[in-house]
Amino acid sequence: MRPRGGTATVNSTGTDTTDTTDAEDVAAPTDTTAVTAATDGTGQADNAGTAGTEDGTSRTGTADAADAVDASRRRWPRVLGALLAVALIAAGGALYAEGRQLRDTPATANLALTDAEATARVTGDVSSALGKIFSYGPGSTAATRAAAKEVLAGKALQQYAALFGQVERQSADQKLTLTTEVVRAGVTRLTGSGAHLLVFLDQVYERRGRAPTTASAQLTVTAELRDGRWWIVEIGTT
């Protein structure tokens, strides 16, 4: 007979072995599941990290685009301001050049249009001179000739001297008296040293034994300013 204890031991061992094997077989899937779970967890973590990175990159890109738009919007006012400044400078330069041209035109250079005092002075001097040189009598021709030398110059003095000889003879022979009065004188052009005038005269002729006669005359006069006085340098008829 075999002792019961030995059989029990063998069975117990076999049972234990079988149980151990079964336990190992059962545990294996558990380990695989854990690995898979771990792997899945890692993958999810990686995916989450990647998604987070992509989201961060997207937000960064959006922020950069927004900053670029803001910078562009801030830059436009400066650009427009610079363009406006350039346009204003160009316009100012054009206006200045145009103003210079306007100031340099013959119309604005004519002081008769802008200087009333100078215009009145040359009108007065010329009118007085014409009244003296075209007024004479039988006994005053010498005084008239002397007066002419004080107000006439250049071509005007030469012309007057050439004609006044005939005037002296007529005045002596016909007892002629001539009185000249300037009724109107206008300055057509005036500069700092020269003037052109249009003069209207009334002349009264008196001869002994005859009634006085009146005649009108119209002259063009050129005058020059010399030593502070206006001298008549040319006389013409119209």
# chains A, B, ... in the order shown; residues from 1 in each chain; ligands from 1
>>> residues_around(residues="Lys175 in chain A", least_positions_apart="6", cutoff="10 Å", atoms="only C-alpha atoms", output="PyMOL selection string")
chain A and resi 137-139+169+206-209
>>> atom_distance(atom1="CA of Trp231 in chain A", atom2="CA of Gln170 in chain A")
27.2 Å
>>> atom_distance(atom1="CA of Ser140 in chain A", atom2="CA of Ala223 in chain A")
25.7 Å
>>> atom_distance(atom1="CA of Ser135 in chain A", atom2="CA of Ala118 in chain A")
26.1 Å
>>> residues_around(residues="range 176-183 of chain A", least_positions_apart="4", cutoff="12 Å", atoms="only C-alpha atoms", output="MDAnalysis selection string")
chainID A and resid 123:141 144 167:172 198:219
>>> write_last_selection(atoms="C-alpha atoms", output="PDB file, in the first residue's frame")
ATOM      1  CA  THR A 123       2.128 163.788 -64.735  1.00  0.00           C
ATOM      2  CA  GLY A 124       2.635 167.091 -62.955  1.00  0.00           C
ATOM      3  CA  ASP A 125       6.225 167.578 -64.125  1.00  0.00           C
ATOM      4  CA  VAL A 126       5.437 166.806 -67.783  1.00  0.00           C
ATOM      5  CA  SER A 127       2.276 168.922 -67.835  1.00  0.00           C
ATOM      6  CA  SER A 128       4.140 171.901 -66.374  1.00  0.00           C
ATOM      7  CA  ALA A 129       6.997 171.511 -68.861  1.00  0.00           C
ATOM      8  CA  LEU A 130       4.664 171.370 -71.876  1.00  0.00           C
ATOM      9  CA  GLY A 131       2.825 174.465 -70.693  1.00  0.00           C
ATOM     10  CA  LYS A 132       6.110 176.399 -70.543  1.00  0.00           C
ATOM     11  CA  ILE A 133       7.662 175.374 -73.857  1.00  0.00           C
ATOM     12  CA  PHE A 134       4.458 175.852 -75.876  1.00  0.00           C
ATOM     13  CA  SER A 135       3.514 179.241 -74.449  1.00  0.00           C
ATOM     14  CA  TYR A 136       5.193 182.372 -75.779  1.00  0.00           C
ATOM     15  CA  GLY A 137       4.600 185.912 -76.978  1.00  0.00           C
ATOM     16  CA  PRO A 138       6.317 188.469 -79.228  1.00  0.00           C
ATOM     17  CA  GLY A 139       8.572 189.637 -76.431  1.00  0.00           C
ATOM     18  CA  SER A 140       9.037 186.408 -74.490  1.00  0.00           C
ATOM     19  CA  THR A 141      10.491 183.927 -76.953  1.00  0.00           C
ATOM     20  CA  THR A 144      10.627 180.240 -73.606  1.00  0.00           C
ATOM     21  CA  VAL A 167       8.177 180.188 -84.105  1.00  0.00           C
ATOM     22  CA  GLU A 168      10.270 183.212 -83.115  1.00  0.00           C
ATOM     23  CA  ARG A 169       9.997 184.754 -86.596  1.00  0.00           C
ATOM     24  CA  GLN A 170       6.220 184.175 -86.796  1.00  0.00           C
ATOM     25  CA  SER A 171       5.676 185.563 -83.335  1.00  0.00           C
ATOM     26  CA  ALA A 172       7.636 188.702 -84.187  1.00  0.00           C
ATOM     27  CA  LEU A 198      -0.567 160.577 -73.563  1.00  0.00           C
ATOM     28  CA  VAL A 199      -1.276 164.295 -73.244  1.00  0.00           C
ATOM     29  CA  PHE A 200      -4.235 166.400 -74.428  1.00  0.00           C
ATOM     30  CA  LEU A 201      -3.673 170.144 -74.912  1.00  0.00           C
ATOM     31  CA  ASP A 202      -5.813 173.197 -75.458  1.00  0.00           C
ATOM     32  CA  GLN A 203      -4.002 176.038 -77.261  1.00  0.00           C
ATOM     33  CA  VAL A 204      -5.235 179.589 -77.677  1.00  0.00           C
ATOM     34  CA  TYR A 205      -3.792 181.654 -80.567  1.00  0.00           C
ATOM     35  CA  GLU A 206      -3.999 185.420 -80.390  1.00  0.00           C
ATOM     36  CA  ARG A 207      -3.000 187.726 -83.213  1.00  0.00           C
ATOM     37  CA  ARG A 208      -3.183 191.455 -83.134  1.00  0.00           C
ATOM     38  CA  GLY A 209      -6.374 192.608 -84.715  1.00  0.00           C
ATOM     39  CA  ARG A 210      -7.990 189.147 -84.780  1.00  0.00           C
ATOM     40  CA  ALA A 211     -10.201 187.167 -82.458  1.00  0.00           C
ATOM     41  CA  PRO A 212      -8.526 184.429 -80.466  1.00  0.00           C
ATOM     42  CA  THR A 213      -8.803 180.914 -81.829  1.00  0.00           C
ATOM     43  CA  THR A 214      -8.656 177.698 -79.879  1.00  0.00           C
ATOM     44  CA  ALA A 215      -7.201 174.428 -81.054  1.00  0.00           C
ATOM     45  CA  SER A 216      -6.696 171.067 -79.453  1.00  0.00           C
ATOM     46  CA  ALA A 217      -3.652 168.881 -79.744  1.00  0.00           C
ATOM     47  CA  GLN A 218      -2.735 165.386 -78.669  1.00  0.00           C
ATOM     48  CA  LEU A 219       0.850 164.397 -77.973  1.00  0.00           C
TER      49      LEU A 219
END
>>> residues_around(residues="Ala195 in chain A", least_positions_apart="5", cutoff="9 Å", atoms="only C-alpha atoms", output="PDB file with N, CA, C and O atoms, in the first residue's frame")
ATOM      1  N   ALA A 112       2.503 152.694 -62.947  1.00  0.00           N
ATOM      2  CA  ALA A 112       1.333 153.560 -63.126  1.00  0.00           C
ATOM      3  C   ALA A 112       0.072 152.894 -62.591  1.00  0.00           C
ATOM      4  O   ALA A 112      -0.907 153.576 -62.284  1.00  0.00           O
ATOM      5  N   THR A 119       3.030 158.323 -60.126  1.00  0.00           N
ATOM      6  CA  THR A 119       2.263 158.663 -61.327  1.00  0.00           C
ATOM      7  C   THR A 119       1.852 160.130 -61.320  1.00  0.00           C
ATOM      8  O   THR A 119       1.960 160.838 -62.338  1.00  0.00           O
ATOM      9  N   VAL A 122       5.054 162.426 -62.096  1.00  0.00           N
ATOM     10  CA  VAL A 122       5.493 162.529 -63.482  1.00  0.00           C
ATOM     11  C   VAL A 122       4.444 163.255 -64.319  1.00  0.00           C
ATOM     12  O   VAL A 122       4.792 164.048 -65.225  1.00  0.00           O
ATOM     13  N   VAL A 187      -0.636 158.542 -67.786  1.00  0.00           N
ATOM     14  CA  VAL A 187       0.598 157.762 -67.858  1.00  0.00           C
ATOM     15  C   VAL A 187       0.230 156.358 -68.331  1.00  0.00           C
ATOM     16  O   VAL A 187      -0.514 155.632 -67.655  1.00  0.00           O
ATOM     17  N   THR A 188       0.752 155.973 -69.476  1.00  0.00           N
ATOM     18  CA  THR A 188       0.459 154.636 -70.001  1.00  0.00           C
ATOM     19  C   THR A 188       1.428 153.591 -69.481  1.00  0.00           C
ATOM     20  O   THR A 188       1.074 152.411 -69.371  1.00  0.00           O
ATOM     21  N   ARG A 189       2.641 154.030 -69.154  1.00  0.00           N
ATOM     22  CA  ARG A 189       3.626 153.099 -68.581  1.00  0.00           C
ATOM     23  C   ARG A 189       4.608 153.887 -67.741  1.00  0.00           C
ATOM     24  O   ARG A 189       5.075 154.952 -68.139  1.00  0.00           O
ATOM     25  N   LEU A 190       4.927 153.324 -66.578  1.00  0.00           N
ATOM     26  CA  LEU A 190       5.836 154.001 -65.645  1.00  0.00           C
ATOM     27  C   LEU A 190       6.741 152.981 -64.985  1.00  0.00           C
ATOM     28  O   LEU A 190       6.289 151.958 -64.472  1.00  0.00           O
ATOM     29  N   VAL A 221       4.366 161.532 -75.182  1.00  0.00           N
ATOM     30  CA  VAL A 221       5.575 162.045 -74.533  1.00  0.00           C
ATOM     31  C   VAL A 221       6.319 160.890 -73.844  1.00  0.00           C
ATOM     32  O   VAL A 221       5.707 160.059 -73.162  1.00  0.00           O
ATOM     33  N   THR A 222       7.624 160.917 -74.027  1.00  0.00           N
ATOM     34  CA  THR A 222       8.494 159.989 -73.305  1.00  0.00           C
ATOM     35  C   THR A 222       9.360 160.810 -72.362  1.00  0.00           C
ATOM     36  O   THR A 222       9.987 161.797 -72.785  1.00  0.00           O
ATOM     37  N   ALA A 223       9.394 160.405 -71.107  1.00  0.00           N
ATOM     38  CA  ALA A 223      10.150 161.154 -70.094  1.00  0.00           C
ATOM     39  C   ALA A 223      11.097 160.217 -69.352  1.00  0.00           C
ATOM     40  O   ALA A 223      10.849 159.010 -69.240  1.00  0.00           O
ATOM     41  N   GLU A 224      12.168 160.812 -68.860  1.00  0.00           N
ATOM     42  CA  GLU A 224      13.146 160.064 -68.075  1.00  0.00           C
ATOM     43  C   GLU A 224      13.415 160.798 -66.772  1.00  0.00           C
ATOM     44  O   GLU A 224      13.444 162.039 -66.737  1.00  0.00           O
ATOM     45  N   LEU A 225      13.630 160.032 -65.711  1.00  0.00           N
ATOM     46  CA  LEU A 225      13.918 160.607 -64.398  1.00  0.00           C
ATOM     47  C   LEU A 225      15.425 160.779 -64.255  1.00  0.00           C
ATOM     48  O   LEU A 225      16.180 159.806 -64.267  1.00  0.00           O
ATOM     49  N   TRP A 230      11.894 164.883 -63.720  1.00  0.00           N
ATOM     50  CA  TRP A 230      11.482 164.247 -64.966  1.00  0.00           C
ATOM     51  C   TRP A 230      11.794 165.172 -66.142  1.00  0.00           C
ATOM     52  O   TRP A 230      11.394 166.328 -66.160  1.00  0.00           O
TER      53      TRP A 230
END
>>> select_by_dssp(residues="range 155-226 of chain A", states="strand (DSSP E or B)", output="VMD selection string")
chain A and resid 176 to 190 194 to 207 213 to 226
>>> closest_residue(among="A:Ala109, A:Arg145, A:Ala90, A:Arg121", to="Ala162 in chain A", atoms="only C-alpha atoms")
A:Arg145
